[in-house]
file work-v4.cif (mmCIF, C-alpha atoms)
data_target
loop_
_atom_site.label_atom_id
_atom_site.label_comp_id
_atom_site.auth_asym_id
_atom_site.auth_seq_id
_atom_site.Cartn_x
_atom_site.Cartn_y
_atom_site.Cartn_z
CA MET A 1 -2.66 -16.71 -21.21
CA ALA A 2 -3.15 -15.47 -24.76
CA HIS A 3 -1.46 -12.69 -26.68
CA ALA A 4 -3.41 -10.23 -28.85
CA GLN A 5 -2.21 -12.13 -31.93
CA ARG A 6 -3.61 -15.33 -30.38
CA LYS A 7 -0.20 -16.56 -29.31
CA PRO A 8 0.05 -18.13 -25.85
CA VAL A 9 2.17 -16.14 -23.39
CA HIS A 10 4.49 -18.06 -21.09
CA LEU A 11 6.41 -16.96 -18.02
CA GLY A 12 9.16 -18.92 -16.33
CA ASN A 13 11.15 -17.40 -13.48
CA TRP A 14 12.41 -14.11 -15.02
CA VAL A 15 11.76 -15.12 -18.65
CA THR A 16 8.70 -14.29 -20.78
CA GLY A 17 7.90 -15.29 -24.34
CA LEU A 18 5.30 -16.04 -27.00
CA PHE A 19 4.56 -19.36 -28.65
CA ASP A 20 3.57 -19.42 -32.30
CA LEU A 21 1.63 -22.67 -32.36
CA VAL A 22 1.27 -22.63 -36.16
CA ALA A 23 4.92 -22.01 -36.99
CA GLY A 24 6.21 -23.95 -33.99
CA LYS A 25 8.44 -21.06 -32.92
CA GLU A 26 9.08 -19.24 -29.64
CA THR A 27 9.78 -15.51 -29.42
CA PHE A 28 11.36 -14.24 -26.21
CA LEU A 29 10.26 -10.92 -24.75
CA SER A 30 11.89 -8.67 -22.17
CA ASN A 31 12.52 -10.27 -18.80
CA VAL A 32 10.12 -9.61 -15.93
CA PRO A 33 11.51 -6.34 -14.51
CA HIS A 34 10.97 -6.46 -10.75
CA ALA A 35 10.20 -9.88 -9.32
CA VAL A 36 9.67 -13.52 -10.17
CA GLN A 37 5.92 -13.91 -10.66
CA THR A 38 5.51 -17.60 -11.39
CA TYR A 39 5.23 -20.51 -8.95
CA PRO A 40 6.21 -20.60 -6.14
CA ALA A 41 6.38 -16.78 -6.16
CA SER A 42 2.95 -16.97 -7.81
CA ALA A 43 1.87 -13.39 -8.45
CA ALA A 44 -1.84 -12.66 -8.57
CA THR A 45 -2.43 -12.85 -12.32
CA VAL A 46 -5.42 -11.86 -14.43
CA MET A 47 -6.32 -10.84 -17.96
CA LEU A 48 -8.04 -7.47 -17.64
CA PRO A 49 -11.59 -7.08 -18.97
CA LEU A 50 -11.93 -7.11 -22.75
CA THR A 51 -14.14 -4.12 -23.47
CA VAL A 52 -15.45 -2.04 -26.33
CA ALA A 53 -13.40 0.92 -25.09
CA ASN A 54 -10.10 -0.99 -25.19
CA ASN A 55 -10.99 -2.62 -28.53
CA TYR A 56 -10.79 -6.06 -26.90
CA SER A 57 -7.04 -5.71 -26.41
CA ALA A 58 -5.59 -8.29 -24.02
CA THR A 59 -3.59 -6.94 -21.07
CA ILE A 60 -2.20 -9.29 -18.43
CA LEU A 61 -1.80 -7.86 -14.92
CA MET A 62 0.59 -9.54 -12.47
CA CYS A 63 0.60 -8.21 -8.92
CA SER A 64 3.47 -8.94 -6.51
CA GLY A 65 5.69 -12.03 -6.63
CA SER A 66 9.11 -12.50 -4.98
CA ASN A 67 12.54 -11.09 -5.79
CA ILE A 68 14.39 -14.38 -5.37
CA ASN A 69 17.18 -15.88 -7.47
CA ASP A 70 18.08 -18.88 -5.32
CA TRP A 71 15.09 -21.18 -4.90
CA ASN A 72 16.98 -23.92 -3.07
CA PRO A 73 15.19 -24.16 0.31
CA ASN A 74 18.33 -25.55 1.90
CA ASP A 75 20.33 -22.47 0.93
CA ASN A 76 17.74 -19.75 1.34
CA THR A 77 15.31 -18.96 4.16
CA ILE A 78 12.49 -18.15 1.76
CA ILE A 79 9.96 -17.39 4.49
CA ASP A 80 12.00 -14.32 5.54
CA ILE A 81 11.77 -12.71 2.10
CA ALA A 82 9.04 -10.10 1.74
CA ALA A 83 6.75 -10.22 -1.24
CA SER A 84 7.28 -7.71 -4.02
CA LYS A 85 5.09 -4.64 -4.51
CA SER A 86 5.60 -4.78 -8.28
CA LEU A 87 2.85 -4.81 -10.88
CA GLY A 88 5.00 -5.72 -13.85
CA THR A 89 4.94 -2.89 -16.36
CA VAL A 90 1.24 -2.17 -16.15
CA ILE A 91 1.30 0.24 -13.20
CA PRO A 92 4.16 1.09 -10.88
CA ARG A 93 3.22 -0.46 -7.55
CA CYS A 94 0.68 -2.65 -5.83
CA LEU A 95 -0.84 -1.43 -2.55
CA ARG A 96 -0.32 -4.79 -0.95
CA VAL A 97 2.69 -7.06 -0.73
CA VAL A 98 1.23 -10.47 -1.39
CA PRO A 99 2.21 -13.43 -3.57
CA TRP A 100 -0.45 -15.81 -4.78
CA ALA A 101 -3.36 -13.56 -3.94
CA THR A 102 -6.42 -14.06 -6.14
CA PHE A 103 -8.03 -11.63 -8.58
CA ILE A 104 -11.79 -12.00 -9.15
CA ILE A 105 -13.31 -9.94 -11.97
CA LEU A 106 -16.62 -8.42 -10.87
CA PRO A 107 -19.48 -7.70 -13.32
CA GLY A 108 -18.81 -3.95 -13.30
CA ALA A 109 -15.27 -4.58 -14.68
CA THR A 110 -13.50 -3.94 -11.37
CA LEU A 111 -11.22 -6.56 -9.78
CA PHE A 112 -11.43 -7.93 -6.24
CA LEU A 113 -8.03 -8.93 -4.79
CA LEU A 114 -7.85 -11.16 -1.71
CA ASN A 115 -5.96 -13.87 0.23
CA GLY A 116 -2.22 -14.56 0.40
CA PRO A 117 0.79 -13.76 2.66
CA GLY A 118 3.15 -10.85 3.11
CA MET A 119 6.23 -13.02 3.65
CA GLY A 120 7.45 -16.17 1.94
CA THR A 121 6.02 -18.06 -1.01
CA ALA A 122 3.61 -20.78 -2.00
CA GLY A 123 4.37 -24.34 -0.96
CA TYR A 124 5.17 -26.31 2.16
CA GLY A 125 8.03 -28.43 3.44
CA THR A 126 9.98 -29.75 6.39
CA GLN A 127 12.78 -27.17 6.44
CA ASP A 128 13.67 -25.95 9.92
CA TRP A 129 12.63 -22.39 9.00
CA ALA A 130 9.11 -23.41 7.86
CA ILE A 131 6.23 -22.65 10.22
CA ASP A 132 4.55 -26.01 10.80
CA GLU A 133 5.36 -26.83 7.14
CA SER A 134 4.17 -23.48 5.79
CA ASP A 135 6.61 -21.67 3.47
CA ALA A 136 4.75 -18.40 4.12
CA THR A 137 3.65 -16.23 7.02
CA ASP A 138 2.12 -12.79 7.73
CA PRO A 139 -1.33 -13.52 6.22
CA ILE A 140 -2.97 -10.58 4.46
CA THR A 141 -6.62 -10.27 5.51
CA ALA A 142 -7.31 -6.84 3.99
CA PRO A 143 -8.83 -7.12 0.48
CA LEU A 144 -8.61 -4.52 -2.28
CA ILE A 145 -10.60 -3.34 -5.29
CA TYR A 146 -8.66 -2.51 -8.47
CA TYR A 147 -10.02 -0.12 -11.13
CA PRO A 148 -8.43 -0.97 -14.51
CA THR A 149 -9.48 2.27 -16.22
CA ASP A 150 -7.86 4.42 -13.51
CA ARG A 151 -5.10 1.93 -12.65
CA THR A 152 -5.79 2.44 -8.96
CA PHE A 153 -6.43 0.29 -5.90
CA THR A 154 -8.75 1.16 -3.02
CA ARG A 155 -9.62 -0.24 0.40
CA ALA A 156 -12.56 2.11 0.85
CA GLY A 157 -15.60 0.40 2.35
CA LEU A 158 -13.98 -3.04 2.63
CA ALA A 159 -13.89 -4.97 5.90
CA ASN A 160 -11.03 -7.30 6.76
CA SER A 161 -11.45 -11.05 6.75
CA THR A 162 -11.11 -12.80 10.09
CA ILE A 163 -9.61 -15.95 8.53
CA ASN A 164 -5.98 -16.45 7.47
CA ARG A 165 -5.87 -17.85 3.95
CA LEU A 166 -2.49 -18.97 2.64
CA TYR A 167 -1.48 -21.75 0.26
CA HIS A 168 -4.38 -23.66 -1.34
CA SER A 169 -6.93 -20.91 -0.73
CA SER A 170 -9.39 -19.96 -3.45
CA ALA A 171 -12.31 -17.73 -4.42
CA LEU A 172 -15.06 -17.80 -7.05
CA LEU A 173 -17.59 -15.33 -8.46
CA LEU A 174 -21.18 -16.57 -8.06
CA ALA A 175 -24.10 -15.86 -10.37
CA ASP A 176 -25.58 -13.27 -8.00
CA GLY A 177 -22.34 -11.28 -7.99
CA ALA A 178 -21.13 -12.35 -4.55
CA VAL A 179 -17.68 -13.92 -4.14
CA PHE A 180 -17.35 -17.29 -2.39
CA VAL A 181 -14.06 -17.61 -0.47
CA ALA A 182 -12.66 -20.88 0.84
CA GLY A 183 -9.61 -22.97 1.61
CA SER A 184 -6.06 -22.66 2.97
CA ASN A 185 -3.82 -25.62 3.70
CA PRO A 186 -0.05 -25.05 3.58
CA HIS A 187 0.54 -28.68 4.50
CA ALA A 188 1.05 -32.06 2.90
CA TYR A 189 -1.99 -33.48 4.72
CA TYR A 190 -4.76 -32.52 7.12
CA ALA A 191 -3.29 -30.33 9.88
CA PRO A 192 -6.02 -28.94 12.17
CA ASP A 193 -3.66 -27.89 14.98
CA ALA A 194 -0.94 -26.14 12.97
CA THR A 195 -0.15 -22.42 13.22
CA TYR A 196 -1.90 -22.01 9.88
CA PRO A 197 -4.32 -24.93 10.00
CA THR A 198 -6.26 -26.75 7.33
CA GLU A 199 -9.18 -24.36 6.85
CA TYR A 200 -12.77 -25.52 6.33
CA ARG A 201 -14.56 -22.27 7.10
CA THR A 202 -15.94 -20.33 4.16
CA GLU A 203 -16.76 -16.67 3.64
CA MET A 204 -18.89 -14.58 1.31
CA PHE A 205 -17.93 -11.16 -0.02
CA TYR A 206 -20.90 -8.98 -0.93
CA PRO A 207 -19.89 -6.07 -3.21
CA TRP A 208 -21.58 -2.68 -2.90
CA TYR A 209 -24.16 -3.53 -5.58
CA TYR A 210 -25.32 -6.75 -3.93
CA PHE A 211 -28.29 -5.27 -2.04
CA GLU A 212 -29.29 -2.84 -4.78
CA ARG A 213 -32.34 -3.49 -6.95
CA ARG A 214 -31.08 -5.70 -9.78
CA PRO A 215 -31.95 -5.34 -13.46
CA GLU A 216 -34.28 -8.12 -14.63
CA PRO A 217 -33.61 -8.55 -18.36
CA ALA A 218 -35.92 -10.64 -20.52
CA GLY A 219 -34.94 -12.27 -23.79
CA LEU A 220 -31.41 -13.45 -22.99
CA LEU A 221 -30.52 -16.36 -25.23
CA SER A 222 -29.27 -19.72 -23.99
CA VAL A 223 -26.67 -20.06 -26.77
CA LEU A 224 -24.51 -17.34 -28.31
CA SER A 225 -22.74 -17.67 -31.62
CA TYR A 226 -19.66 -16.18 -33.25
CA GLY A 227 -21.10 -13.58 -35.60
CA GLY A 228 -24.63 -13.68 -36.96
CA SER A 229 -27.83 -11.71 -36.47
CA TYR A 230 -28.63 -9.62 -33.42
CA PHE A 231 -31.40 -10.31 -30.91
CA ASN A 232 -33.47 -8.33 -28.40
CA VAL A 233 -33.28 -8.07 -24.64
CA THR A 234 -35.85 -6.08 -22.68
CA LEU A 235 -35.50 -4.09 -19.47
CA SER A 236 -38.31 -2.37 -17.59
CA ASN A 237 -38.49 1.29 -16.75
CA ASP A 238 -37.72 0.33 -13.14
CA ASP A 239 -34.53 -1.35 -14.39
CA MET A 240 -33.59 2.07 -15.76
CA ASN A 241 -34.34 3.72 -12.40
CA GLY A 242 -37.15 5.65 -14.09
CA ASP A 243 -34.66 7.59 -16.21
CA PRO A 244 -33.80 5.61 -19.36
CA ALA A 245 -32.34 8.63 -21.12
CA THR A 246 -29.61 8.72 -18.45
CA TYR A 247 -29.21 5.03 -17.69
CA ALA A 248 -29.49 3.48 -21.17
CA PRO A 249 -26.09 4.86 -22.32
CA GLN A 250 -24.57 3.37 -19.14
CA THR A 251 -26.01 -0.11 -19.69
CA LYS A 252 -23.82 -2.91 -21.01
CA PRO A 253 -24.08 -6.67 -21.52
CA VAL A 254 -21.08 -8.64 -20.30
CA LEU A 255 -19.94 -12.26 -20.39
CA ILE A 256 -18.01 -13.66 -17.43
CA ARG A 257 -16.40 -17.07 -17.28
CA ALA A 258 -15.48 -17.55 -13.63
CA GLY A 259 -12.75 -20.09 -14.37
CA TYR A 260 -11.28 -22.80 -12.19
CA SER A 261 -9.69 -21.69 -8.94
CA ALA A 262 -6.38 -23.15 -7.75
CA HIS A 263 -2.95 -21.90 -6.70
CA ALA A 264 -3.87 -18.20 -6.91
CA LEU A 265 -5.08 -18.55 -10.50
CA GLN A 266 -8.58 -18.41 -11.90
CA MET A 267 -7.65 -20.58 -14.86
CA GLY A 268 -9.83 -19.69 -17.81
CA GLN A 269 -11.28 -16.58 -16.14
CA ARG A 270 -12.43 -14.17 -18.83
CA TYR A 271 -14.53 -10.99 -18.96
CA LEU A 272 -15.88 -9.71 -22.25
CA GLU A 273 -18.20 -6.77 -22.78
CA LEU A 274 -20.57 -7.12 -25.70
CA ASN A 275 -20.81 -4.17 -28.01
CA SER A 276 -24.26 -2.59 -27.95
CA THR A 277 -26.43 0.26 -29.13
CA TYR A 278 -29.81 1.42 -27.90
CA THR A 279 -32.85 3.22 -29.23
CA ILE A 280 -35.40 5.01 -27.11
CA ASN A 281 -39.00 4.43 -28.15
CA LEU A 282 -40.91 1.45 -29.30
CA ASP A 283 -38.71 -1.07 -31.08
CA GLY A 284 -35.55 -2.80 -30.03
CA ILE A 285 -32.55 -4.24 -31.86
CA VAL A 286 -29.62 -6.43 -30.82
CA SER A 287 -26.68 -8.30 -32.37
CA GLN A 288 -24.49 -11.42 -32.08
CA LEU A 289 -20.76 -11.47 -31.39
CA PRO A 290 -17.80 -11.06 -33.64
CA PRO A 291 -16.59 -14.06 -35.58
CA ASP A 292 -13.50 -14.80 -33.49
CA ALA A 293 -13.67 -17.80 -31.18
CA LYS A 294 -10.17 -17.15 -29.82
CA LEU A 295 -11.24 -14.07 -27.89
CA PHE A 296 -13.70 -16.11 -25.88
CA THR A 297 -13.45 -19.84 -26.36
CA PRO A 298 -16.58 -22.04 -26.46
CA SER A 299 -17.72 -22.78 -22.92
CA PRO A 300 -20.47 -22.39 -20.34
CA THR A 301 -20.52 -18.72 -19.38
CA MET A 302 -22.55 -16.26 -17.32
CA ILE A 303 -24.17 -13.28 -18.99
CA HIS A 304 -25.05 -10.16 -16.98
CA ILE A 305 -26.74 -6.92 -17.95
CA VAL A 306 -24.98 -4.19 -15.99
CA VAL A 307 -26.79 -0.88 -15.41
CA VAL A 308 -24.49 1.81 -13.98
CA GLY A 309 -22.40 -0.82 -12.23
CA VAL A 310 -25.32 -2.89 -10.89
CA PRO A 311 -25.49 -6.32 -12.55
CA SER A 312 -28.43 -8.57 -13.18
CA VAL A 313 -28.17 -12.01 -11.65
CA GLY A 314 -26.03 -13.97 -14.08
CA LYS A 315 -27.66 -16.45 -16.43
CA MET A 316 -25.62 -19.49 -17.39
CA ILE A 317 -25.48 -19.83 -21.17
CA MET A 318 -23.33 -21.62 -23.73
CA VAL A 319 -20.89 -19.78 -25.97
CA GLY A 320 -20.46 -21.45 -29.34
CA SER A 321 -20.88 -25.19 -29.58
CA GLY A 322 -19.44 -25.78 -26.12
CA VAL A 323 -16.89 -28.15 -27.67
CA ILE A 324 -13.20 -27.34 -28.20
CA LYS A 325 -13.09 -27.63 -31.96
CA ALA A 326 -13.38 -25.37 -35.00
CA GLN A 327 -16.40 -23.11 -34.52
CA THR A 328 -18.87 -21.86 -37.10
CA LEU A 329 -18.03 -18.21 -37.82
CA ASN A 330 -20.79 -16.05 -39.25
CA ALA A 331 -20.77 -12.57 -40.74
CA VAL A 332 -21.78 -9.93 -38.20
CA THR A 333 -25.03 -8.10 -38.81
CA PRO A 334 -24.33 -4.36 -38.36
CA LEU A 335 -26.05 -2.66 -35.45
CA PRO A 336 -28.17 0.46 -35.84
CA PRO A 337 -26.93 3.64 -34.16
CA SER A 338 -28.16 4.64 -30.73
CA GLY A 339 -30.83 7.28 -30.49
CA VAL A 340 -34.56 7.96 -30.31
CA GLU A 341 -36.63 5.94 -32.76
CA GLN A 342 -40.24 5.75 -33.84
CA ASN A 343 -42.09 2.45 -34.11
CA THR A 344 -40.32 0.29 -36.69
CA THR A 345 -40.17 -3.31 -37.73
CA SER A 346 -37.50 -5.43 -36.10
CA SER A 347 -34.60 -6.11 -38.44
CA ASN A 348 -33.53 -9.28 -36.70
CA ASN A 349 -33.37 -12.20 -39.07
CA GLY A 350 -31.35 -14.42 -36.76
CA THR A 351 -32.40 -17.63 -35.11
CA GLY A 352 -33.88 -17.51 -31.64
CA ASN A 353 -31.14 -19.68 -30.14
CA GLY A 354 -28.35 -17.27 -30.99
CA ASN A 355 -26.66 -19.40 -33.61
CA GLY A 356 -27.00 -16.60 -36.13
CA GLY A 357 -27.49 -16.49 -39.84
CA GLY A 358 -30.68 -18.54 -40.07
CA PRO A 359 -34.34 -17.62 -40.53
CA GLY A 360 -36.30 -16.33 -37.56
CA ASN A 361 -38.05 -13.29 -36.14
CA HIS A 362 -38.53 -11.27 -33.02
CA ALA A 363 -42.10 -10.18 -33.62
CA GLY A 364 -42.77 -9.99 -29.89
CA ALA A 365 -40.25 -7.21 -29.47
CA ALA A 366 -41.47 -5.45 -32.60
CA THR A 367 -45.07 -5.29 -31.37
CA LEU A 368 -44.31 -3.66 -28.01
CA THR A 369 -45.73 -0.25 -28.80
CA LYS A 370 -44.83 1.53 -25.58
CA ASP A 371 -41.38 0.27 -24.97
CA LEU A 372 -38.02 1.87 -24.60
CA LEU A 373 -35.47 -0.26 -26.34
CA VAL A 374 -31.82 -0.46 -25.71
CA GLY A 375 -30.94 -2.21 -28.88
CA GLY A 376 -28.40 -4.12 -30.81
CA LEU A 377 -25.47 -5.56 -29.07
CA ALA A 378 -22.26 -6.13 -30.37
CA SER A 379 -20.58 -6.22 -33.56
CA GLY A 380 -17.53 -6.30 -31.41
CA MET A 381 -17.64 -9.52 -29.53
CA LEU A 382 -19.59 -12.51 -28.57
CA ALA A 383 -23.29 -12.62 -29.09
CA LEU A 384 -24.70 -9.20 -29.33
CA VAL A 385 -27.52 -8.53 -27.08
CA GLY A 386 -29.92 -5.66 -27.48
CA LEU A 387 -31.61 -4.14 -24.52
CA MET A 388 -35.22 -3.13 -24.79
CA MET A 389 -36.61 -1.19 -21.89
CA MET A 390 -40.35 -0.89 -21.38
CA THR A 391 -41.64 2.46 -20.24
CA MET A 392 -44.67 2.84 -18.05
CA ALA A 393 -47.80 4.31 -19.63
#
call {"tool": "encode", "arguments": {"input": "work-v4.cif", "output": "structure tokens"}}
result
Amino acid sequence: MAHAQRKPVHLGNWVTGLFDLVAGKETFLSNVPHAVQTYPASAATVMLPLTVANNYSATILMCSGSNINDWNPNDNTIIDIAASKSLGTVIPRCLRVVPWATFIILPGATLFLLNGPGMGTAGYGTQDWAIDESDATDPITAPLIYYPTDRTFTRAGLANSTINRLYHSSALLLADGAVFVAGSNPHAYYAPDATYPTEYRTEMFYPWYYFERRPEPAGLLSVLSYGGSYFNVTLSNDDMNGDPATYAPQTKPVLIRAGYSAHALQMGQRYLELNSTYTINLDGIVSQLPPDAKLFTPSPTMIHIVVVGVPSVGKMIMVGSGVIKAQTLNAVTPLPPSGVEQNTTSSNNGTGNGNGGGPGNHAGAATLTKDLLVGGLASGMLALVGLMMMTMA
């Protein structure tokens, strides 16, 4: 996890701190207030979406954990200890008591919370209090949706799972916006006949937007750079539900790195909204991201265009060079303001591959004479993308 000043955050039992990798120093912060939230208590942990509205400020949310001081399994019947309802200092309480649940960030910037137990912790063993090796019981099969802007959870419209998923369960966001759910094995080896058996069945969660008509953007780049010139993305009038004046201001480009799922963590999971502006009529304009590779490290990433909460099917692209090394940082080309524009010449001088700063043109976008353009993305973060929406004659 990374701090806003690009310092890694570490948690260990009740202790939290920051590492200054340059100075080689550690700064301790206040202790975790309510419950241990690291392994094996393993709170559901996520960095909330980095958005234009929150100025790309990093906030780490930890849900649940266990209020345990003695972790010796020979001295403490851990499986009888209920999980904590704490949410750190972000919001007062979590609706569900569940260590090592999993947060999945959805394209609309809400969070899907699933899996985990109500009693015990992660892990397995041969203690006499363990249930067929499992250090946890009381599986939670009721998922939740969390709204970061309102700091609220809801169960509305969500069906329960029919599969108990405890230790070694996982979930992953797919390109089409569904969530693939798998796993559970609180055992040292294969245990098909245990109370909580090795689980090979999989499930799919289909969010409310899944069966809606999806936006079909054209012009998304395959490589995005840190800083540089903007580029154009087009959306049809149908993508704007026939009302671009209403829907264009509620359209946003977002980057989602799904991460690597294990032990209730989506390691590397990151959500970043690209800054954008739009113009209605004729020409379109778009931008590249801000010159800061630490906010979103170079990697394969999905890009979605989200229209009033409904995402396009994600396109896999590359952010930066795709190699963990010093990245080329370019000056950001300012974006034009949103509004209604007459036919103009595209101001994009960036390269077509999104590397920014080089010669190039977007004459195709400039010559669309009956188009509604949602223009210039992002002087704020990664590769700005402009949205151009074509109106019907």
call {"tool": "resolve_selection", "arguments": {"input": "work-v4.cif", "expression": "the PyMOL selection byres ((chain A and resi 328) around 9)", "output": "MDAnalysis selection string"}}
result
chainID A and resid 225:227 291 293 320:321 326:327 329:330 355
call {"tool": "closest_residue", "arguments": {"input": "work-v4.cif", "among": "A:Pro40, A:Pro148, A:Gly123, A:Gly314", "to": "A:Gly177", "atoms": "only C-alpha atoms"}}
result
A:Gly314
call {"tool": "closest_residue", "arguments": {"input": "work-v4.cif", "among": "A:His34, A:His304, A:Lys325, A:His263", "to": "A:Cys63", "atoms": "all atoms listed in the file"}}
result
A:His34
call {"tool": "atom_distance", "arguments": {"input": "work-v4.cif", "atom1": "atom CA of A:Asn164", "atom2": "atom CA of A:Thr195"}}
result
10.1 Å
call {"tool": "residues_near_point", "arguments": {"input": "work-v4.cif", "point": "(-25.0, -12.8, -14.2)", "cutoff": "6 Å", "atoms": "only C-alpha atoms", "output": "ChimeraX atom specification"}}
result
/A:175,302-304,312-315
call {"tool": "write_last_selection", "arguments": {"input": "work-v4.cif", "atoms": "C-alpha atoms", "output": "CSV table (one decimal), in the frame of the given file"}}
result
chain,number,residue,atom,x,y,z
A,175,ALA,CA,-24.1,-15.9,-10.4
A,302,MET,CA,-22.6,-16.3,-17.3
A,303,ILE,CA,-24.2,-13.3,-19.0
A,304,HIS,CA,-25.0,-10.2,-17.0
A,312,SER,CA,-28.4,-8.6,-13.2
A,313,VAL,CA,-28.2,-12.0,-11.6
A,314,GLY,CA,-26.0,-14.0,-14.1
A,315,LYS,CA,-27.7,-16.4,-16.4
call {"tool": "closest_residue", "arguments": {"input": "work-v4.cif", "among": "A:Val179, A:Ala156, A:Met119, A:Met240", "to": "A:Phe103", "atoms": "only C-alpha atoms"}}
result
A:Val179
call {"tool": "closest_residue", "arguments": {"input": "work-v4.cif", "among": "A:Phe28, A:Tyr209, A:Phe180, A:Tyr196", "to": "A:Asp138", "atoms": "only C-alpha atoms"}}
result
A:Tyr196
call {"tool": "atom_distance", "arguments": {"input": "work-v4.cif", "atom1": "atom CA of A:Gly219", "atom2": "atom CA of A:Ile256"}}
result
18.1 Å
call {"tool": "resolve_selection", "arguments": {"input": "work-v4.cif", "expression": "the PyMOL selection byres ((chain A and resi 159-163) around 6)", "output": "ChimeraX atom specification"}}
result
/A:141-142,158,164
call {"tool": "residues_around", "arguments": {"input": "work-v4.cif", "residues": "A:Ser169", "least_positions_apart": "2", "cutoff": "10 Å", "atoms": "only C-alpha atoms", "output": "list in words"}}
result
Trp100, Ala101, Thr102, Leu114, Asn115, Gly116, Asn164, Arg165, Leu166, Tyr167, Ala171, Val181, Ala182, Gly183, Ser184, Asn185, Pro186, Thr198, Glu199, Ser261, Ala262, His263 and Ala264 of chain A
call {"tool": "write_last_selection", "arguments": {"input": "work-v4.cif", "atoms": "C-alpha atoms", "output": "PDB file, in the coordinates of the input"}}
result
ATOM      1  CA  TRP A 100      -0.450 -15.810  -4.780  1.00  0.00           C
ATOM      2  CA  ALA A 101      -3.360 -13.560  -3.940  1.00  0.00           C
ATOM      3  CA  THR A 102      -6.420 -14.060  -6.140  1.00  0.00           C
ATOM      4  CA  LEU A 114      -7.850 -11.160  -1.710  1.00  0.00           C
ATOM      5  CA  ASN A 115      -5.960 -13.870   0.230  1.00  0.00           C
ATOM      6  CA  GLY A 116      -2.220 -14.560   0.400  1.00  0.00           C
ATOM      7  CA  ASN A 164      -5.980 -16.450   7.470  1.00  0.00           C
ATOM      8  CA  ARG A 165      -5.870 -17.850   3.950  1.00  0.00           C
ATOM      9  CA  LEU A 166      -2.490 -18.970   2.640  1.00  0.00           C
ATOM     10  CA  TYR A 167      -1.480 -21.750   0.260  1.00  0.00           C
ATOM     11  CA  ALA A 171     -12.310 -17.730  -4.420  1.00  0.00           C
ATOM     12  CA  VAL A 181     -14.060 -17.610  -0.470  1.00  0.00           C
ATOM     13  CA  ALA A 182     -12.660 -20.880   0.840  1.00  0.00           C
ATOM     14  CA  GLY A 183      -9.610 -22.970   1.610  1.00  0.00           C
ATOM     15  CA  SER A 184      -6.060 -22.660   2.970  1.00  0.00           C
ATOM     16  CA  ASN A 185      -3.820 -25.620   3.700  1.00  0.00           C
ATOM     17  CA  PRO A 186      -0.050 -25.050   3.580  1.00  0.00           C
ATOM     18  CA  THR A 198      -6.260 -26.750   7.330  1.00  0.00           C
ATOM     19  CA  GLU A 199      -9.180 -24.360   6.850  1.00  0.00           C
ATOM     20  CA  SER A 261      -9.690 -21.690  -8.940  1.00  0.00           C
ATOM     21  CA  ALA A 262      -6.380 -23.150  -7.750  1.00  0.00           C
ATOM     22  CA  HIS A 263      -2.950 -21.900  -6.700  1.00  0.00           C
ATOM     23  CA  ALA A 264      -3.870 -18.200  -6.910  1.00  0.00           C
TER      24      ALA A 264
END
call {"tool": "residues_around", "arguments": {"input": "work-v4.cif", "residues": "A:Phe296", "least_positions_apart": "2", "cutoff": "10 Å", "atoms": "only C-alpha atoms", "output": "PyMOL selection string"}}
result
chain A and resi 50+226+255-257+268+270-272+292-294+298-299+301+319-320+381-382
call {"tool": "write_last_selection", "arguments": {"input": "work-v4.cif", "atoms": "C-alpha atoms", "output": "tab-separated table (two decimals), in the coordinates of the input"}}
result
chain	number	residue	atom	x	y	z
A	50	LEU	CA	-11.93	-7.11	-22.75
A	226	TYR	CA	-19.66	-16.18	-33.25
A	255	LEU	CA	-19.94	-12.26	-20.39
A	256	ILE	CA	-18.01	-13.66	-17.43
A	257	ARG	CA	-16.40	-17.07	-17.28
A	268	GLY	CA	-9.83	-19.69	-17.81
A	270	ARG	CA	-12.43	-14.17	-18.83
A	271	TYR	CA	-14.53	-10.99	-18.96
A	272	LEU	CA	-15.88	-9.71	-22.25
A	292	ASP	CA	-13.50	-14.80	-33.49
A	293	ALA	CA	-13.67	-17.80	-31.18
A	294	LYS	CA	-10.17	-17.15	-29.82
A	298	PRO	CA	-16.58	-22.04	-26.46
A	299	SER	CA	-17.72	-22.78	-22.92
A	301	THR	CA	-20.52	-18.72	-19.38
A	319	VAL	CA	-20.89	-19.78	-25.97
A	320	GLY	CA	-20.46	-21.45	-29.34
A	381	MET	CA	-17.64	-9.52	-29.53
A	382	LEU	CA	-19.59	-12.51	-28.57
